[in-house]
Amino acid sequence: MFEIRIHSRGGQGGVTAARLIALAAFYDGKQATATPFYGAERRGAPIVAFVRICDTAIRTCCQVKEPDLVVVLDPTLLSTVNVLKGLAPGGTVLLNSPHPVALDGFRVVTADLTGIALVLDLVIAGSPLLDTSVLGGLAKIGVITLDSAKRAIAENFTDPRNVAAAEKAYAEVAA
Amino acid sequence: MHTIATGNRGVAEAVREAKPGVVAAYPITPQTEIVELIAQYVAQGTMQATYIPVESEHSAMAACIGASATGIRTFTATSSQGLLYMHEMLHWAAGARLPIVMANVNRAVAPPWNVWADHTDALSQRDTGWLQVYVATAQEAYDTMLMAFRIAEHEDVLLPVMVNLDGFILSHTMQPLETTPAGDFIPPLSLPHAIDIKDPAAYSPLTGPEYYFGFRWEIERSMRDARQVIREVEEAFAGKFGRRYGPVEEYRTEDAEVVIVAMGTLGREAQVAVDRLRQEGIPAGAVRLRWFRPFARPDLAGREVVVIDRDYSFGFGGVLAHSLRATTPCNPYSVIAGLGGQEVTYADIAQFVRQRKPGEEFWFGVESHGDV
């Protein structure tokens, strides 16, 4: 079982990302679940969502306590939320950031997802959308395949810029 | 279609397959996605139903009752306060022997205001004459919805069915879902006492003490007959679709000395706990109770029982715990956990088993313990 925890802020697409990642993993032939944690959501508030990917049926629906990988869509969350909680030493963090960031004891993969959203003008109500580009980063890390990521995105969004965002992230991320 | 989808979507897709003539509903968190999807299907023309967006849940059930009384297949969905608001109408639906099917997305009852999973909403409606079933996956939600229409409309039943799924934990979690066309699995509804709108008549005249009890007995007799109908329909479903369900889902119970009993997603979470406990050498098993009305009556004789209630009957105890005590020889360790969406993991459930004290009640997260 591979478990992912996604940290984002309301409006960035963290919950949608969880669903798309699970769908992509499903298209890869895996069992997958996406469990958003619903609290008092509002734009800008910290949001958590979970993805589980497994070769066999997934019985648990509880929150992911010991993730194998953490996704952080907003780097400002690093100073307000313990995004590393439960992550094993050496575990991977996929961080949306234009600059390299070091987190002692962890493998940090940075991707300028906000930059990609701005270049492609994937912005709604002033909020750059990160929910599709992040799949490209995860594909580069090897969690899902790029083909399945593109298929999952294309099935949910007709605007081709969403698939383009994932391709761009895949090309740019050094993993 | 094979994809991943939320429990809510599993319900909505199944309802589309069941082809009801009337859907009357009022949106409420966390049920909203069900009625949004159905409204969308109707608007797009992929579902040929009359969708009635009513002003309250009381009206939703009243509209279903009116439509169902004319022999039309009907569906509604609600949660929590909405279900409670329907309460009076729930009795009317069952008493009028109308095979209405409802999805109830289990949610806590206020106050304090809480939109998360809890079974008290549905269990507080247990005496209304509705059949009640609790599901644990999106696939089971889909499959059980299809079966619910066939069971409700069976001539030996003719009672409404409430399909319960845990708010958010199941309603909003995306899981693998295979939506197979229902085909002829649900025969056309033939309601023997359907109102002929061209031949109007008065219904429900005052019924005195000399007859009333007879109508109540007829409900109970149908509830008892429903056990066999449920078996037959679940068997027919397995034959047609290859997925098998029963009154309970047993997991590693053959040689189990201690059995965890729960309903809904906690019953599935318990299966993971069983695997953990077995690794420690504790011979545990799990029984997930699906049918609460008619009560599934699992055979737990000779085993220690740990029962988890995501509900509470104040002044008495966990509803599932006292239902088990009344129907099978056991002295369960009664755990009250998961109220209002309280996070309960498989590790927590394993710990309930390790710390079990037969006959006692334990409120998860509350310091005090007490005798039942």
# chains A, B, ... in the order shown; residues from 1 in each chain; ligands from 1

$ interface_residues --of "chain A" --to "chain B" --cutoff "8 Å" --atoms "only C-alpha atoms" --output "list of chain:residue names"
A:Arg19, A:Ala22, A:Leu23, A:Phe26, A:Gln31, A:Ala32, A:Thr33, A:Ala34, A:Thr35, A:Pro36, A:Tyr38, A:Arg59, A:Thr60, A:Cys61, A:Cys62, A:Gln63

$ residues_around --residues "Asp309 of chain B" --least-positions-apart "2" --cutoff "8 Å" --atoms "only C-alpha atoms" --output "list in words"
Ala262, Met263, Val307, Asp311, Tyr312, Gly318, Val319, Leu320, Ala321, Ser334, Val335, Ile336, Ala337 and Gly338 of chain B

$ closest_atom_pairs --of "segment 129-241 of chain B" --to "segment 65-69 of chain B" --cutoff "9 Å" --atoms "only C-alpha atoms" --output "Markdown table"
| residue | atom | partner | partner_atom | distance |
| --- | --- | --- | --- | --- |
| B:Leu191 | CA | B:Ala69 | CA | 8.1 |
| B:His193 | CA | B:Ala69 | CA | 7.7 |
| B:Ala194 | CA | B:Ala69 | CA | 5.4 |
| B:Ile195 | CA | B:Ala69 | CA | 5.8 |

$ closest_residue --among "B:Arg243, B:Arg325, B:His119, B:Arg16" --to "Arg310 of chain B" --atoms "only C-alpha atoms"
B:His119

$ select_by_dssp --residues "segment 126-166 of chain B" --states "alpha helix (DSSP H)" --output "compact mmCIF listing (two decimals) with C-alpha atoms, in the first residue's frame"
# COMPACT_ATOMS: atom_id res chain seq x y z
CA ALA B 138 -19.15 2.53 -3.26
CA GLN B 139 -19.67 -0.79 -5.07
CA GLU B 140 -21.85 -2.11 -2.29
CA ALA B 141 -23.82 1.14 -2.33
CA TYR B 142 -24.47 0.69 -6.05
CA ASP B 143 -25.31 -2.99 -5.79
CA THR B 144 -27.48 -2.62 -2.70
CA MET B 145 -29.49 0.21 -4.24
CA LEU B 146 -30.40 -2.05 -7.16
CA MET B 147 -31.38 -4.85 -4.78
CA ALA B 148 -33.31 -2.45 -2.54
CA PHE B 149 -35.87 -1.66 -5.25
CA ARG B 150 -36.45 -5.35 -6.01
CA ILE B 151 -36.76 -6.23 -2.32
CA ALA B 152 -39.07 -3.31 -1.48
CA GLU B 153 -41.35 -4.04 -4.44

$ select_by_dssp --residues "segment 90-141 of chain A" --states "strand (DSSP E)" --output "PDB file with N, CA and C atoms, in the first residue's frame"
ATOM      1  N   THR A  92       9.581  11.133   0.752  1.00  0.00           N
ATOM      2  CA  THR A  92       9.569  12.146  -0.311  1.00  0.00           C
ATOM      3  C   THR A  92       8.505  13.206  -0.076  1.00  0.00           C
ATOM      4  N   VAL A  93       8.885  14.462  -0.319  1.00  0.00           N
ATOM      5  CA  VAL A  93       7.944  15.581  -0.300  1.00  0.00           C
ATOM      6  C   VAL A  93       7.936  16.202  -1.692  1.00  0.00           C
ATOM      7  N   LEU A  94       6.776  16.243  -2.323  1.00  0.00           N
ATOM      8  CA  LEU A  94       6.649  16.974  -3.584  1.00  0.00           C
ATOM      9  C   LEU A  94       6.122  18.359  -3.234  1.00  0.00           C
ATOM     10  N   LEU A  95       6.969  19.351  -3.417  1.00  0.00           N
ATOM     11  CA  LEU A  95       6.663  20.701  -2.932  1.00  0.00           C
ATOM     12  C   LEU A  95       6.520  21.665  -4.102  1.00  0.00           C
ATOM     13  N   ASN A  96       5.421  22.407  -4.107  1.00  0.00           N
ATOM     14  CA  ASN A  96       5.234  23.463  -5.101  1.00  0.00           C
ATOM     15  C   ASN A  96       6.089  24.666  -4.701  1.00  0.00           C
ATOM     16  N   ARG A 107      13.599  13.742   1.370  1.00  0.00           N
ATOM     17  CA  ARG A 107      13.898  13.989  -0.037  1.00  0.00           C
ATOM     18  C   ARG A 107      12.850  14.961  -0.567  1.00  0.00           C
ATOM     19  N   VAL A 108      13.289  16.157  -0.923  1.00  0.00           N
ATOM     20  CA  VAL A 108      12.341  17.167  -1.397  1.00  0.00           C
ATOM     21  C   VAL A 108      12.442  17.293  -2.918  1.00  0.00           C
ATOM     22  N   VAL A 109      11.330  17.100  -3.599  1.00  0.00           N
ATOM     23  CA  VAL A 109      11.252  17.310  -5.041  1.00  0.00           C
ATOM     24  C   VAL A 109      10.442  18.579  -5.248  1.00  0.00           C
ATOM     25  N   THR A 110      11.039  19.598  -5.811  1.00  0.00           N
ATOM     26  CA  THR A 110      10.298  20.848  -6.010  1.00  0.00           C
ATOM     27  C   THR A 110       9.797  20.942  -7.452  1.00  0.00           C
ATOM     28  N   ALA A 111       8.669  21.576  -7.586  1.00  0.00           N
ATOM     29  CA  ALA A 111       8.070  21.818  -8.900  1.00  0.00           C
ATOM     30  C   ALA A 111       7.406  23.185  -8.840  1.00  0.00           C
ATOM     31  N   VAL A 123      -6.023  29.965 -14.098  1.00  0.00           N
ATOM     32  CA  VAL A 123      -6.305  30.748 -12.889  1.00  0.00           C
ATOM     33  C   VAL A 123      -7.806  30.955 -12.801  1.00  0.00           C
ATOM     34  N   ILE A 124      -8.371  30.666 -11.625  1.00  0.00           N
ATOM     35  CA  ILE A 124      -9.795  30.932 -11.420  1.00  0.00           C
ATOM     36  C   ILE A 124      -9.935  31.813 -10.182  1.00  0.00           C
ATOM     37  N   SER A 127      -6.923  32.501  -8.211  1.00  0.00           N
ATOM     38  CA  SER A 127      -6.202  31.392  -7.599  1.00  0.00           C
ATOM     39  C   SER A 127      -5.613  30.492  -8.694  1.00  0.00           C
ATOM     40  N   PRO A 128      -4.263  30.388  -8.777  1.00  0.00           N
ATOM     41  CA  PRO A 128      -3.671  29.479  -9.770  1.00  0.00           C
ATOM     42  C   PRO A 128      -4.087  28.031  -9.460  1.00  0.00           C
TER      43      PRO A 128
END

$ residues_around --residues "Ala182 of chain B" --least-positions-apart "3" --cutoff "10 Å" --atoms "only C-alpha atoms" --output "PyMOL selection string"
chain B and resi 14+16-19+143+146-147+179+185-186+237+240-241

$ write_last_selection --atoms "C-alpha atoms" --output "JSON list (two decimals), in the first residue's frame"
[["chain", "number", "residue", "atom", "x", "y", "z"],
["B", 14, "ALA", "CA", -27.79, 2.83, -9.37],
["B", 16, "ARG", "CA", -30.57, 5.90, -12.75],
["B", 17, "GLU", "CA", -30.37, 2.18, -13.59],
["B", 18, "ALA", "CA", -33.44, 1.44, -11.46],
["B", 19, "LYS", "CA", -35.49, 3.92, -13.52],
["B", 143, "ASP", "CA", -25.31, -2.99, -5.79],
["B", 146, "LEU", "CA", -30.40, -2.05, -7.16],
["B", 147, "MET", "CA", -31.38, -4.85, -4.78],
["B", 179, "THR", "CA", -21.64, 0.13, -12.88],
["B", 185, "PHE", "CA", -32.96, -7.43, -12.66],
["B", 186, "ILE", "CA", -35.69, -5.17, -11.23],
["B", 237, "PHE", "CA", -27.85, -10.62, -7.78],
["B", 240, "LYS", "CA", -26.42, -12.15, -12.51],
["B", 241, "PHE", "CA", -23.60, -9.83, -11.49]]

$ closest_residue --among "A:Val48, A:Leu122, A:Val134, A:Cys54" --to "Leu77 of chain A" --atoms "only C-alpha atoms"
A:Val48

$ residues_around --residues "Gly126 of chain A" --least-positions-apart "4" --cutoff "12 Å" --atoms "only C-alpha atoms" --output "MDAnalysis selection string"
chainID A and resid 11:12 43:44 114 117:118 121:122

$ write_last_selection --atoms "all heavy atoms" --output "short mmCIF file (atom, residue, chain, number, x, y, z; two decimals), in the first residue's frame"
data_model
loop_
_atom_site.label_atom_id
_atom_site.label_comp_id
_atom_site.auth_asym_id
_atom_site.auth_seq_id
_atom_site.Cartn_x
_atom_site.Cartn_y
_atom_site.Cartn_z
N GLY A 11 -9.25 26.10 -2.60
CA GLY A 11 -9.24 26.84 -3.85
C GLY A 11 -8.11 26.44 -4.77
O GLY A 11 -8.13 26.73 -5.97
N GLN A 12 -7.07 25.76 -4.20
CA GLN A 12 -5.92 25.37 -5.02
C GLN A 12 -6.15 24.08 -5.80
O GLN A 12 -5.43 23.78 -6.74
CB GLN A 12 -4.68 25.20 -4.14
CG GLN A 12 -4.14 26.52 -3.58
CD GLN A 12 -2.85 26.31 -2.82
OE1 GLN A 12 -2.74 25.36 -2.05
NE2 GLN A 12 -1.89 27.20 -3.03
N ARG A 43 -12.01 29.13 1.24
CA ARG A 43 -10.86 29.50 0.40
C ARG A 43 -9.71 29.96 1.29
O ARG A 43 -9.90 30.74 2.22
CB ARG A 43 -11.26 30.62 -0.55
CG ARG A 43 -12.28 30.20 -1.58
CD ARG A 43 -12.52 31.29 -2.61
NE ARG A 43 -11.43 31.38 -3.57
CZ ARG A 43 -11.31 30.57 -4.63
NH1 ARG A 43 -12.20 29.63 -4.84
NH2 ARG A 43 -10.31 30.71 -5.47
N GLY A 44 -8.54 29.43 1.02
CA GLY A 44 -7.35 29.85 1.73
C GLY A 44 -7.05 29.05 2.99
O GLY A 44 -5.95 29.13 3.51
N THR A 114 2.87 26.70 -9.47
CA THR A 114 2.21 28.00 -9.60
C THR A 114 2.67 28.69 -10.88
O THR A 114 1.86 29.26 -11.63
CB THR A 114 2.53 28.89 -8.38
OG1 THR A 114 2.09 28.20 -7.20
CG2 THR A 114 1.82 30.22 -8.46
N ALA A 117 0.93 27.20 -13.82
CA ALA A 117 -0.47 27.66 -13.90
C ALA A 117 -0.54 29.07 -14.47
O ALA A 117 -1.41 29.38 -15.29
CB ALA A 117 -1.11 27.60 -12.52
N LEU A 118 0.42 29.92 -14.06
CA LEU A 118 0.41 31.31 -14.53
C LEU A 118 0.77 31.39 -16.02
O LEU A 118 0.14 32.12 -16.78
CB LEU A 118 1.36 32.16 -13.70
CG LEU A 118 0.94 32.35 -12.22
CD1 LEU A 118 2.02 33.09 -11.43
CD2 LEU A 118 -0.40 33.08 -12.12
N ASP A 121 -2.11 30.33 -17.88
CA ASP A 121 -3.30 31.09 -17.48
C ASP A 121 -4.39 30.16 -16.91
O ASP A 121 -5.57 30.32 -17.18
CB ASP A 121 -3.86 31.90 -18.65
CG ASP A 121 -4.85 32.97 -18.17
OD1 ASP A 121 -4.72 33.41 -17.01
OD2 ASP A 121 -5.76 33.33 -18.94
N LEU A 122 -3.95 29.17 -16.13
CA LEU A 122 -4.91 28.30 -15.41
C LEU A 122 -5.19 28.95 -14.06
O LEU A 122 -4.63 28.56 -13.03
CB LEU A 122 -4.33 26.90 -15.23
CG LEU A 122 -4.46 25.94 -16.42
CD1 LEU A 122 -3.62 24.69 -16.19
CD2 LEU A 122 -5.92 25.55 -16.65
#

$ residues_around --residues "His7 of chain A" --least-positions-apart "3" --cutoff "7 Å" --atoms "only C-alpha atoms" --output "PyMOL selection string"
chain A and resi 14+47-49+71-73

$ residues_around --residues "segment 98-105 of chain A" --least-positions-apart "6" --cutoff "6 Å" --atoms "only C-alpha atoms" --output "PDB file with C-alpha atoms, in the first residue's frame"
ATOM      1  CA  PRO A  89      12.870   9.561   7.512  1.00  0.00           C
ATOM      2  CA  GLY A  90      14.044   9.844   3.917  1.00  0.00           C
ATOM      3  CA  ASP A 112       7.040  25.343  -9.855  1.00  0.00           C
TER       4      ASP A 112
END

$ closest_residue --among "A:Ala164, A:Gly13, A:Arg5, A:Gly136" --to "Lys85 of chain A" --atoms "only C-alpha atoms"
A:Arg5

$ closest_residue --among "B:Pro205, B:Gly71, B:Pro27, B:Pro160" --to "Arg97 of chain B" --atoms "only C-alpha atoms"
B:Pro160

$ atom_distance --atom1 "atom CA of Pro30 of chain B" --atom2 "atom CA of Ile153 of chain A"
25.2 Å

$ atom_distance --atom1 "atom CA of Ala171 of chain A" --atom2 "atom CA of Glu66 of chain A"
29.1 Å
